[in-house]
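Okay, run-v1.cif now, which holds mmCIF, C-alpha atoms:
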data_coords
#
loop_
_atom_site.label_atom_id
_atom_site.label_comp_id
_atom_site.auth_asym_id
_atom_site.auth_seq_id
_atom_site.Cartn_x
_atom_site.Cartn_y
_atom_site.Cartn_z
CA ASP A 1 -146.32 -60.95 117.19
CA SER A 2 -144.07 -63.88 116.39
CA LEU A 3 -140.90 -64.65 118.34
CA ASN A 4 -138.78 -63.65 115.33
CA PHE A 5 -140.53 -60.27 115.19
CA LYS A 6 -139.91 -59.67 118.90
CA ILE A 7 -136.23 -60.63 118.62
CA PHE A 8 -135.65 -58.42 115.58
CA TYR A 9 -137.55 -55.56 117.25
CA ILE A 10 -135.17 -55.70 120.22
CA PHE A 11 -132.23 -55.79 117.77
CA TYR A 12 -133.71 -52.79 115.87
CA LYS A 13 -134.09 -50.75 119.07
CA PHE A 14 -130.46 -51.51 119.98
CA ILE A 15 -129.16 -50.50 116.51
CA PHE A 16 -131.31 -47.35 116.56
CA LYS A 17 -129.87 -46.36 119.96
CA LEU A 18 -126.31 -47.18 118.85
CA LEU A 19 -126.50 -45.19 115.61
CA THR A 20 -128.63 -42.22 116.71
CA GLY A 21 -128.01 -41.95 120.45
CA ARG A 22 -131.77 -41.91 121.06
CA SER A 23 -134.25 -44.49 122.29
CA ILE A 24 -137.37 -45.38 120.37
CA SER A 25 -140.04 -47.28 122.24
CA PHE A 26 -143.34 -46.26 120.69
CA GLY A 27 -145.09 -46.50 117.37
CA ASN A 28 -147.59 -44.54 115.33
CA PHE A 29 -150.51 -44.90 117.75
CA MET A 30 -150.50 -41.75 119.87
CA VAL A 31 -152.57 -38.94 121.24
CA LEU A 32 -151.30 -35.48 120.39
CA LYS A 33 -152.21 -31.99 121.47
CA LYS A 34 -153.04 -29.42 118.81
CA HIS A 35 -149.70 -27.59 119.10
CA ALA A 36 -147.88 -30.91 118.71
CA VAL A 37 -149.78 -31.73 115.52
CA GLU A 38 -149.11 -28.25 114.16
CA ARG A 39 -145.40 -28.71 114.83
CA LEU A 40 -145.20 -32.22 113.38
CA VAL A 41 -146.97 -31.53 110.10
CA CYS A 42 -144.45 -28.79 109.35
CA MET A 43 -141.61 -31.31 109.55
CA PRO A 44 -140.71 -32.93 106.22
CA GLU A 45 -139.53 -36.05 108.10
CA ILE A 46 -143.11 -36.89 109.09
CA LEU A 47 -143.66 -38.40 105.63
CA ILE A 48 -140.80 -40.85 106.22
CA HIS A 49 -141.31 -42.07 109.80
CA VAL A 50 -143.82 -40.73 112.34
CA ALA A 51 -142.27 -42.01 115.59
CA ALA A 52 -138.76 -40.85 114.66
CA SER A 53 -140.20 -37.46 113.68
CA VAL A 54 -141.79 -37.13 117.10
CA ILE A 55 -138.39 -37.81 118.69
CA LYS A 56 -136.67 -35.31 116.39
CA SER A 57 -139.32 -32.67 117.12
CA LYS A 58 -138.26 -32.72 120.79
CA LEU A 59 -141.86 -32.79 121.90
CA ARG A 60 -142.41 -34.09 125.42
CA VAL A 61 -143.47 -37.72 125.23
CA LYS A 62 -145.29 -39.59 127.97
CA LEU A 63 -145.42 -43.32 127.43
CA LEU A 64 -148.46 -45.18 128.69
CA PRO A 65 -148.61 -48.97 128.87
CA LEU A 66 -151.15 -50.39 126.48
CA ASN A 67 -151.96 -54.02 125.91
CA LYS A 68 -151.73 -54.78 122.23
CA ALA A 69 -154.92 -56.62 121.33
CA GLU A 70 -155.58 -59.00 118.49
CA ARG A 71 -156.19 -57.46 115.08
CA TYR A 72 -159.92 -56.91 114.54
CA SER A 73 -159.89 -57.86 110.89
CA GLY A 74 -157.58 -58.54 108.02
CA VAL A 75 -153.95 -59.60 107.99
CA SER A 76 -150.90 -57.42 108.44
CA LYS A 77 -149.34 -56.35 105.15
CA MET A 78 -145.92 -55.94 106.77
CA ASN A 79 -143.43 -58.64 105.88
CA PHE A 80 -139.81 -58.88 107.02
CA ASN A 81 -138.49 -56.67 104.20
CA SER A 82 -141.10 -53.99 104.93
CA LEU A 83 -140.19 -54.01 108.62
CA VAL A 84 -136.47 -53.69 107.87
CA LEU A 85 -137.14 -50.80 105.50
CA HIS A 86 -139.35 -49.17 108.15
CA GLY A 87 -136.45 -49.43 110.63
CA PHE A 88 -133.99 -47.93 108.15
CA LYS A 89 -136.37 -45.03 107.56
CA ALA A 90 -136.39 -44.28 111.29
CA ILE A 91 -132.59 -44.20 111.31
CA MET A 92 -132.58 -42.04 108.16
CA ILE A 93 -134.39 -39.26 110.03
CA PHE A 94 -131.21 -38.84 112.08
CA ALA A 95 -128.80 -39.16 109.15
CA GLU A 96 -126.51 -36.36 110.38
CA ASP A 97 -126.18 -37.96 113.82
CA VAL A 98 -125.46 -41.34 112.23
CA LEU A 99 -122.82 -39.71 110.02
CA ILE A 100 -121.08 -38.22 113.05
CA ARG A 101 -121.12 -41.51 114.96
CA VAL A 102 -119.93 -43.57 111.97
CA GLY A 103 -117.26 -40.96 111.16
CA ILE A 104 -115.91 -40.98 114.73
CA SER A 105 -115.93 -44.80 114.78
CA CYS A 106 -114.09 -44.96 111.46
CA PHE A 107 -111.55 -42.39 112.64
CA LEU A 108 -110.89 -44.38 115.82
CA MET A 109 -110.57 -47.61 113.85
CA ALA A 110 -108.16 -45.98 111.38
CA ALA A 111 -106.11 -44.55 114.27
CA LEU A 112 -105.87 -48.01 115.87
CA CYS A 113 -104.79 -49.45 112.51
CA PHE A 114 -102.07 -46.80 112.15
CA VAL A 115 -100.82 -47.70 115.63
CA GLY A 116 -100.82 -51.35 114.52
CA ILE A 117 -98.95 -50.47 111.32
CA LEU A 118 -96.30 -48.56 113.27
CA SER A 119 -96.02 -51.46 115.71
CA ALA A 120 -95.61 -53.95 112.85
CA ILE A 121 -92.91 -51.79 111.24
CA THR A 122 -91.12 -51.41 114.58
CA LEU A 123 -91.23 -55.16 115.23
CA LYS A 124 -89.92 -55.83 111.71
CA TYR A 125 -86.94 -53.50 112.12
CA ILE A 126 -85.94 -54.73 115.57
CA GLY A 127 -86.06 -58.32 114.33
CA TYR A 128 -89.07 -59.76 116.18
CA ALA A 129 -91.22 -60.43 113.11
CA THR A 130 -91.34 -63.96 111.79
CA PRO A 131 -91.11 -64.49 108.02
CA GLY A 132 -94.35 -63.56 106.27
CA TRP A 133 -95.94 -62.08 109.39
CA PHE A 134 -95.06 -58.47 108.60
CA SER A 135 -96.53 -58.45 105.09
CA VAL A 136 -99.75 -60.19 106.23
CA ALA A 137 -100.23 -57.87 109.23
CA LEU A 138 -99.43 -54.77 107.19
CA GLY A 139 -101.75 -55.86 104.36
CA ILE A 140 -104.68 -56.54 106.69
CA LEU A 141 -104.24 -53.23 108.53
CA VAL A 142 -104.01 -51.24 105.27
CA ILE A 143 -107.18 -52.95 103.98
CA ILE A 144 -109.01 -52.04 107.21
CA VAL A 145 -107.89 -48.40 106.88
CA LEU A 146 -109.10 -48.30 103.26
CA GLN A 147 -112.44 -49.87 104.20
CA THR A 148 -113.06 -47.42 107.04
CA GLY A 149 -112.25 -44.55 104.70
CA ALA A 150 -114.64 -45.92 102.07
CA LEU A 151 -117.36 -46.42 104.71
CA SER A 152 -116.95 -42.83 105.90
CA LEU A 153 -117.14 -41.52 102.34
CA MET A 154 -120.23 -43.60 101.48
CA THR A 155 -121.98 -42.50 104.67
CA LEU A 156 -121.19 -38.87 103.90
CA MET A 157 -122.55 -39.19 100.35
CA LEU A 158 -125.71 -41.02 101.46
CA THR A 159 -126.38 -38.46 104.18
CA GLY A 160 -126.23 -35.68 101.64
CA PHE A 161 -128.54 -37.61 99.34
CA PHE A 162 -131.22 -38.37 101.96
CA SER A 163 -131.13 -35.12 103.92
CA GLY A 164 -132.34 -32.91 101.07
CA THR A 165 -135.41 -30.83 101.78
CA ARG A 166 -138.79 -32.30 100.98
CA ASP A 167 -141.95 -30.36 100.35
CA LEU A 168 -145.03 -31.30 102.30
CA PRO A 169 -148.25 -31.69 100.38
CA SER A 170 -149.94 -29.25 102.75
CA ASN A 171 -149.08 -27.23 105.84
CA ASN A 172 -152.69 -27.31 106.94
CA PHE A 173 -152.66 -29.77 109.82
CA LYS A 174 -156.42 -30.36 109.66
CA SER A 175 -156.06 -32.25 106.37
CA TYR A 176 -154.10 -34.95 108.26
CA ILE A 177 -156.66 -35.50 111.00
CA LYS A 178 -159.64 -37.81 110.83
CA GLU A 179 -161.30 -36.75 114.10
CA ILE A 180 -160.68 -34.08 116.73
CA TYR A 181 -161.70 -34.84 120.30
CA THR A 182 -162.06 -32.02 122.78
CA GLN A 183 -161.24 -32.54 126.44
CA LEU A 184 -163.98 -34.23 128.39
#

Using structure tokens, write down the structure from this file.
Amino acid sequence: DSLNFKIFYIFYKFIFKLLTGRSISFGNFMVLKKHAVERLVCMPEILIHVAASVIKSKLRVKLLPLNKAERYSGVSKMNFNSLVLHGFKAIMIFAEDVLIRVGISCFLMAALCFVGILSAITLKYIGYATPGWFSVALGILVIIVLQTGALSLMTLMLTGFFSGTRDLPSNNFKSYIKEIYTQL
């Protein structure tokens, strides 16, 4: 992996943790027990992002260190745009959690702006505001309040759009499995 990929992957993991409250540190290569596969294939999110679906399923996960070897053949088809979209899909699985976190953040920002607006009005009426300062401060704070409201509304609308139910092509988990290994 290139240095850019590694840097953006660290950034992605930070954003994922910030927006969802969960850590993601594994990919699609995993070993699953039969009951885990049966649970996962019944989740509509599995078609969007496998690793995020495993986290949402609340299955117990045991991480094992594995050295990532060189690709045997071919070239990766993932470019920067594909990787960004893949990251957004992982976050989309937790759309409701993201909505709550963004909504709380916007509410706190709006509350701070209202405190700033009241402070600016108070300073204006007691005579401590220099000419032009009050209108600039008030204008900036009102714009921030309007932007946080718009962000909350857009997040709410997008969450409703993406969290609709999806039908799986099949609930038969065996159609998703190439090979089944029994315990040795």

Expanded to explicit residues, what is the PyMOL selection byres ((chain A and resi 89) around 12) for this file, as a PyMOL selection string? chain A and resi 12+16+45-53+82-88+90-95+162-163

Tell me, in Å to one decimal, how far CA of Thr148 in chain A is from CA of Gly103 in chain A. 8.7 Å

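Note that the spacing between CA of Asn81 in chain A and CA of Ile55 in chain A amounts to 23.8 Å.
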
Please identify all polymer residues lying at most 9 Å from the point (-122.3, -44.7, 117.9) (file coordinates), using all atoms listed in the file, and present the result as a PyMOL selection string. chain A and resi 17-21+97-98+100-102+104-105

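Reported to one decimal place, the separation of CA of Ala150 in chain A from CA of Leu138 in chain A is 18.3 Å.
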
Could you tell me which of A:Leu99, A:Leu63, A:Ala137, A:Met78 comes closest to Thr155 in chain A if we count only C-alpha atoms? A:Leu99

Got a sec to resolve the PyMOL selection byres ((chain A and resi 116) around 12) on this structure and send the residues as a PyMOL selection string? chain A and resi 109-115+117-123+134+137-142+144-145

Could you dump the residues just selected with C-alpha atoms as an mmCIF file, keeping the file's coordinate frame?
data_model
loop_
_atom_site.group_PDB
_atom_site.id
_atom_site.type_symbol
_atom_site.label_atom_id
_atom_site.label_comp_id
_atom_site.auth_asym_id
_atom_site.auth_seq_id
_atom_site.Cartn_x
_atom_site.Cartn_y
_atom_site.Cartn_z
ATOM 1 C CA MET A 109 -110.570 -47.610 113.850
ATOM 2 C CA ALA A 110 -108.160 -45.980 111.380
ATOM 3 C CA ALA A 111 -106.110 -44.550 114.270
ATOM 4 C CA LEU A 112 -105.870 -48.010 115.870
ATOM 5 C CA CYS A 113 -104.790 -49.450 112.510
ATOM 6 C CA PHE A 114 -102.070 -46.800 112.150
ATOM 7 C CA VAL A 115 -100.820 -47.700 115.630
ATOM 8 C CA ILE A 117 -98.950 -50.470 111.320
ATOM 9 C CA LEU A 118 -96.300 -48.560 113.270
ATOM 10 C CA SER A 119 -96.020 -51.460 115.710
ATOM 11 C CA ALA A 120 -95.610 -53.950 112.850
ATOM 12 C CA ILE A 121 -92.910 -51.790 111.240
ATOM 13 C CA THR A 122 -91.120 -51.410 114.580
ATOM 14 C CA LEU A 123 -91.230 -55.160 115.230
ATOM 15 C CA PHE A 134 -95.060 -58.470 108.600
ATOM 16 C CA ALA A 137 -100.230 -57.870 109.230
ATOM 17 C CA LEU A 138 -99.430 -54.770 107.190
ATOM 18 C CA GLY A 139 -101.750 -55.860 104.360
ATOM 19 C CA ILE A 140 -104.680 -56.540 106.690
ATOM 20 C CA LEU A 141 -104.240 -53.230 108.530
ATOM 21 C CA VAL A 142 -104.010 -51.240 105.270
ATOM 22 C CA ILE A 144 -109.010 -52.040 107.210
ATOM 23 C CA VAL A 145 -107.890 -48.400 106.880
#

Nearby residues (all atoms listed in the file) at most 10 Å from Val54 in chain A, same-chain spacing under 2 positions excluded, as number ranges by chain: A: 24, 26-28, 36-37, 39-40, 43, 45-46, 49-52, 56-61

Hey, can you spit out that residue selection with C-alpha atoms as a compact mmCIF listing (two decimals), keeping the file's coordinate frame?
# COMPACT_ATOMS: atom_id res chain seq x y z
CA ILE A 24 -137.37 -45.38 120.37
CA PHE A 26 -143.34 -46.26 120.69
CA GLY A 27 -145.09 -46.50 117.37
CA ASN A 28 -147.59 -44.54 115.33
CA ALA A 36 -147.88 -30.91 118.71
CA VAL A 37 -149.78 -31.73 115.52
CA ARG A 39 -145.40 -28.71 114.83
CA LEU A 40 -145.20 -32.22 113.38
CA MET A 43 -141.61 -31.31 109.55
CA GLU A 45 -139.53 -36.05 108.10
CA ILE A 46 -143.11 -36.89 109.09
CA HIS A 49 -141.31 -42.07 109.80
CA VAL A 50 -143.82 -40.73 112.34
CA ALA A 51 -142.27 -42.01 115.59
CA ALA A 52 -138.76 -40.85 114.66
CA LYS A 56 -136.67 -35.31 116.39
CA SER A 57 -139.32 -32.67 117.12
CA LYS A 58 -138.26 -32.72 120.79
CA LEU A 59 -141.86 -32.79 121.90
CA ARG A 60 -142.41 -34.09 125.42
CA VAL A 61 -143.47 -37.72 125.23
